[in-house]
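Undergrad: One structure follows; several queries about it will come next.
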Amino acid sequence: MVRCYMAPLEGITGYVYRNAFHRHFGGIDRYFTPFLTNRGLNHRERQDILPAHNQGMEVIPQILTNQADLFLELGEILAGYGYGEVNLNLGCPSGTVASKGRGSGFLARLPELERFLDEIFRRSPLPISIKTRIGFSSPEEWSEIFALLERYPMTELIIHPRVREDFYRNTPRREAYAYAYHRAKQPLCYNGDLFTPGDLADICAQFPNTGRVMLGRGLIANPWLALEMAGNPPVRSRDTLLEFCQEILEGYRAQMSGERPVLFHLKELWSYLSNLFEEEAVAKPLKRLRKANGLAEYQQAAEDLIAQCPFRAEGSEAWHKQR
Ligand SMILES: Cc1cc2nc3c(=O)[nH]c(=O)nc-3n(C[C@H](O)[C@H](O)[C@H](O)COP(=O)(O)O)c2cc1C
């Protein structure tokens, strides 16, 4: 049985989303928080990891930094809240992050990364897992990066086999994953472009000992995906989807001040969720939803869309291939 993880998606998979997802869908063994990066944690970050906001789920907080003392400080705070593990982000491709040598930018500074890893693995109060890309500019960097990472006693290595310059374009580079698969001593987790149960079957056929996968955009677009991957028949319940969206709206309203940020986040969620529906049918209701100026207008548009649009006959399959 393959273990399924929810990928961290900054701006989407915060605690409001995770709780609503867990209540209405499930099929996820571990949830990773979007990255934490501020000294002492800012208000939003602290809300995201408060134990009261993460009941009944296995949650792994993720840290994004290139400063060992900051990593260790956040580790202490998280240990104090009762967490049992932390994850290090070596994948974020964003310009402001990478240009400062953090996330995927750290992969272009291996001597610095080595010093950082020496320090955190020596002193961390919590076991560490790592989520990484396979290079900054070129997949040829991977063998050296992998040789470095391999030296540390991490709990697992999550590989998103793209380089930073790919951002989210191009096909994941399976040969880089294969390179690690044949050598790694630590457990590996595959991440990247798993959109359908068929995609998972394909990865499992090529890498039969891959016992863990992480789902990102595919799961946000089709929240039933993990259940379907576990062999459950496809379910498309309009009531469940409506309740899920309603719960997220209420959660955001309680968390954020004013309607604008709430609307912004809901619209971003719908840029994924809309793929559950037939493309032609959803175009107009989606436009109305995107144009909504207030929450009442949004809510009506979302209700109408969910009530009226036919689901894609083949589930959410292949929506990503049309892009
Ligand atoms: C909007 C967005 C936000 C993301 N935020 C994070 C993050 O906070 N931490 C992280 O490690 N990866 C982040 N990622 C990367 C995803 O976790 C994942 O590695 C990537 O989307 C590839 O997996 P997928 O093809 O299943 O989506 C983000 C991706 C997107 C699209």
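Labels for the structure tokens follow display order: chains A, B, ..., residues from 1 in each chain, ligands from 1.
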Please identify the residues whose atoms come within 6 Å of ligand 1, using only C-alpha atoms and all ligand atoms, and report them as an MDAnalysis selection string.
TA: chainID A and resid 7:10 34:35 89 91:92 160 191:194 215:218
Undergrad: Could you give me the residues within range 2-89 of chain A that DSSP places in helix (DSSP H, G or I), as a PyMOL selection string?
TA: chain A and resi 15-24+43-49+51-53+68-80
Undergrad: Could those residues be written to a file, using N, CA, C and O atoms, as a compact mmCIF listing (two decimals), in the first residue's frame?
TA:
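Contents of the output file again-v3.txt:
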# COMPACT_ATOMS: atom_id res chain seq x y z
N TYR A 15 -4.00 25.64 7.48
CA TYR A 15 -4.76 24.77 8.38
C TYR A 15 -6.26 24.78 8.08
O TYR A 15 -6.94 23.76 8.28
N VAL A 16 -6.79 25.87 7.59
CA VAL A 16 -8.22 25.90 7.26
C VAL A 16 -8.52 24.88 6.17
O VAL A 16 -9.43 24.05 6.28
N TYR A 17 -7.69 24.90 5.12
CA TYR A 17 -7.88 23.95 4.02
C TYR A 17 -7.66 22.52 4.51
O TYR A 17 -8.45 21.62 4.22
N ARG A 18 -6.56 22.30 5.26
CA ARG A 18 -6.23 20.93 5.69
C ARG A 18 -7.37 20.32 6.52
O ARG A 18 -7.74 19.17 6.33
N ASN A 19 -7.92 21.12 7.43
CA ASN A 19 -9.00 20.60 8.27
C ASN A 19 -10.24 20.27 7.46
O ASN A 19 -10.86 19.22 7.64
N ALA A 20 -10.60 21.18 6.56
CA ALA A 20 -11.80 20.94 5.74
C ALA A 20 -11.57 19.71 4.86
O ALA A 20 -12.46 18.86 4.70
N PHE A 21 -10.36 19.61 4.30
CA PHE A 21 -10.05 18.47 3.44
C PHE A 21 -10.16 17.17 4.23
O PHE A 21 -10.75 16.19 3.78
N HIS A 22 -9.56 17.17 5.40
CA HIS A 22 -9.51 15.95 6.21
C HIS A 22 -10.92 15.51 6.60
O HIS A 22 -11.23 14.32 6.64
N ARG A 23 -11.77 16.48 6.90
CA ARG A 23 -13.13 16.14 7.30
C ARG A 23 -13.95 15.58 6.14
O ARG A 23 -14.68 14.63 6.28
N HIS A 24 -13.81 16.18 4.97
CA HIS A 24 -14.71 15.82 3.87
C HIS A 24 -14.15 14.79 2.89
O HIS A 24 -14.91 14.17 2.16
N HIS A 43 2.44 35.72 13.01
CA HIS A 43 1.11 35.33 13.50
C HIS A 43 0.50 34.23 12.62
O HIS A 43 0.00 33.21 13.11
N ARG A 44 0.57 34.42 11.31
CA ARG A 44 -0.03 33.45 10.39
C ARG A 44 0.63 32.07 10.54
O ARG A 44 -0.03 31.03 10.57
N GLU A 45 1.95 32.08 10.63
CA GLU A 45 2.68 30.82 10.76
C GLU A 45 2.32 30.10 12.06
O GLU A 45 2.12 28.89 12.08
N ARG A 46 2.22 30.88 13.13
CA ARG A 46 1.91 30.26 14.43
C ARG A 46 0.50 29.66 14.41
O ARG A 46 0.27 28.56 14.88
N GLN A 47 -0.44 30.39 13.81
CA GLN A 47 -1.80 29.87 13.69
C GLN A 47 -1.79 28.54 12.93
O GLN A 47 -2.54 27.63 13.22
N ASP A 48 -0.93 28.47 11.92
CA ASP A 48 -0.93 27.28 11.07
C ASP A 48 -0.45 26.04 11.80
O ASP A 48 -0.87 24.94 11.48
N ILE A 49 0.45 26.23 12.77
CA ILE A 49 1.00 25.02 13.41
C ILE A 49 0.45 24.79 14.82
O ILE A 49 0.79 23.79 15.44
N PRO A 51 -1.28 23.29 17.75
CA PRO A 51 -1.87 21.96 17.85
C PRO A 51 -3.41 21.97 17.78
O PRO A 51 -4.01 21.08 17.18
N ALA A 52 -4.03 23.01 18.36
CA ALA A 52 -5.50 23.06 18.33
C ALA A 52 -6.03 23.14 16.90
O ALA A 52 -7.17 22.77 16.63
N HIS A 53 -5.21 23.61 15.97
CA HIS A 53 -5.64 23.71 14.57
C HIS A 53 -5.24 22.49 13.75
O HIS A 53 -5.41 22.50 12.52
N ALA A 68 21.31 28.09 9.79
CA ALA A 68 21.16 26.96 10.72
C ALA A 68 20.54 27.42 12.04
O ALA A 68 19.68 26.74 12.59
N ASP A 69 20.96 28.61 12.52
CA ASP A 69 20.42 29.03 13.82
C ASP A 69 18.91 29.27 13.75
O ASP A 69 18.17 28.96 14.68
N LEU A 70 18.44 29.78 12.62
CA LEU A 70 17.00 29.99 12.46
C LEU A 70 16.27 28.65 12.38
O LEU A 70 15.21 28.45 13.00
N PHE A 71 16.83 27.72 11.61
CA PHE A 71 16.23 26.38 11.51
C PHE A 71 16.10 25.77 12.90
O PHE A 71 15.06 25.23 13.28
N LEU A 72 17.19 25.87 13.68
CA LEU A 72 17.20 25.24 15.00
C LEU A 72 16.23 25.94 15.96
O LEU A 72 15.54 25.30 16.75
N GLU A 73 16.15 27.26 15.83
CA GLU A 73 15.21 28.01 16.67
C GLU A 73 13.77 27.59 16.37
O GLU A 73 12.97 27.33 17.28
N LEU A 74 13.44 27.50 15.09
CA LEU A 74 12.07 27.08 14.73
C LEU A 74 11.83 25.64 15.17
O LEU A 74 10.74 25.29 15.62
N GLY A 75 12.87 24.81 15.04
CA GLY A 75 12.76 23.41 15.49
C GLY A 75 12.42 23.34 16.97
O GLY A 75 11.59 22.52 17.39
N GLU A 76 13.06 24.20 17.77
CA GLU A 76 12.78 24.21 19.22
C GLU A 76 11.32 24.59 19.48
O GLU A 76 10.64 23.99 20.31
N ILE A 77 10.86 25.62 18.77
CA ILE A 77 9.45 26.05 18.95
C ILE A 77 8.51 24.90 18.59
O ILE A 77 7.56 24.58 19.31
N LEU A 78 8.80 24.24 17.47
CA LEU A 78 7.92 23.16 17.00
C LEU A 78 7.96 21.96 17.96
O LEU A 78 6.93 21.34 18.23
N ALA A 79 9.15 21.66 18.46
CA ALA A 79 9.27 20.58 19.44
C ALA A 79 8.44 20.93 20.68
O ALA A 79 7.74 20.07 21.24
N GLY A 80 8.48 22.21 21.06
CA GLY A 80 7.70 22.66 22.22
C GLY A 80 6.20 22.47 22.02
O GLY A 80 5.45 22.25 22.97
Undergrad: As a list of chain:residue names, please: all residues of range 93-311 of chain A that backbone DSSP puts in strand (DSSP E).
TA: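 Taking range 93-311 of chain A and keeping strand (DSSP E) gives A:Ile128, A:Ser129, A:Ile130, A:Lys131, A:Thr132, A:Leu157, A:Ile158, A:Ile159, A:Leu188, A:Cys189, A:Tyr190, A:Asn191, A:Arg212, A:Val213, A:Met214, A:Leu215.
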Undergrad: Restrict the selected residues to C-alpha atoms and save them as an mmCIF file, in the first residue's frame.
TA:
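Printed below is again_3.cif as written:
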data_model
loop_
_atom_site.group_PDB
_atom_site.id
_atom_site.type_symbol
_atom_site.label_atom_id
_atom_site.label_comp_id
_atom_site.auth_asym_id
_atom_site.auth_seq_id
_atom_site.Cartn_x
_atom_site.Cartn_y
_atom_site.Cartn_z
ATOM 1 C CA ILE A 128 14.503 15.949 9.815
ATOM 2 C CA SER A 129 13.123 15.044 6.399
ATOM 3 C CA ILE A 130 14.043 16.909 3.214
ATOM 4 C CA LYS A 131 11.998 17.916 0.171
ATOM 5 C CA THR A 132 14.221 18.738 -2.773
ATOM 6 C CA LEU A 157 13.878 12.277 1.136
ATOM 7 C CA ILE A 158 11.033 13.690 -0.937
ATOM 8 C CA ILE A 159 12.118 14.261 -4.525
ATOM 9 C CA LEU A 188 12.245 8.015 -0.774
ATOM 10 C CA CYS A 189 8.990 9.754 -1.602
ATOM 11 C CA TYR A 190 8.103 10.654 -5.200
ATOM 12 C CA ASN A 191 6.476 14.017 -5.953
ATOM 13 C CA ARG A 212 5.369 7.022 -0.558
ATOM 14 C CA VAL A 213 4.068 9.674 -2.897
ATOM 15 C CA MET A 214 3.257 13.314 -2.377
ATOM 16 C CA LEU A 215 0.277 14.890 -4.176
#
Undergrad: Could you state the separation of CA of Ser138 in chain A and CA of Phe116 in chain A in Å, given to one decimal place?
TA: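 Taking CA of Ser138 in chain A as the start and CA of Phe116 in chain A as the end point, the length is 22.5 Å.
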Undergrad: Which one of A:Pro197, A:Pro125, A:Gly101, A:Gly84 sits closest to Asn232 in chain A if you count only C-alpha atoms?
TA: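 Of all the options, A:Pro197 lies closest to Asn232 in chain A.
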Undergrad: Taking only C-alpha atoms into account, name the residue in A:Lys284, A:Gly95, A:Gly11, A:Glu243 that is nearest to Pro261 in chain A.
TA: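 Closest residue, counting only C-alpha atoms: A:Gly11.
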Undergrad: Range 297-313 of chain A: which residues within 7 Å, counting only C-alpha atoms, same-chain residues fewer than 6 positions away excluded, as a list in words?
TA: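 The filter keeps Arg238, Leu242, Leu276, Phe277, Glu278, Ala281, Val282, Pro285, Arg288 and Leu289 of chain A.
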Undergrad: Check the smallest atom-to-atom distance from each of A:Val59, A:Leu219, A:Cys204, A:Ala184 to Ile12 in chain A using only C-alpha atoms, then report the winner.
TA: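 Under the stated criterion, the closest residue is A:Leu219.
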Undergrad: My list of candidates is A:Glu150, A:Glu156, A:Glu58, A:Glu141. Which is closest to Leu88 in chain A when distances are computed with only C-alpha atoms?
TA: A:Glu156
Undergrad: Report, in Å to a single decimal, how far apart CA of Leu148 in chain A and CA of Pro111 in chain A are.
TA: 9.7 Å
Undergrad: Of the candidates A:Leu269, A:Leu90, A:Met256, A:Ala296, which one gets nearest to Gly103 in chain A if we count only C-alpha atoms?
TA: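 For Gly103 in chain A, the nearest of the given residues is A:Leu90.
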Undergrad: Contacts of Val163 in chain A at 10 Å or less, counting only C-alpha atoms, minus same-chain residues fewer than 5 places along, as a list in words?
TA: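 Here the answer would be Gly91, Pro93, Ser104, Leu107, Thr132, Arg133, Ile134, Gly135, Phe136, Ser137, Ser138, Pro139, Glu140, Glu141, Trp142, Tyr168, Arg169, Asn170, Pro172 and Arg173 of chain A.
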Undergrad: Out of A:Glu85, A:Asp29, A:Glu165, A:Glu112, which residue has the shortest atom-to-atom distance to Asn66 in chain A when counting only C-alpha atoms?
TA: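 Ranked by minimum distance to Asn66 in chain A, first place goes to A:Glu112.
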Undergrad: Expressed in Å to a single decimal, how great is the separation between CA of Leu41 in chain A and CA of Tyr272 in chain A?
TA: 28.7 Å
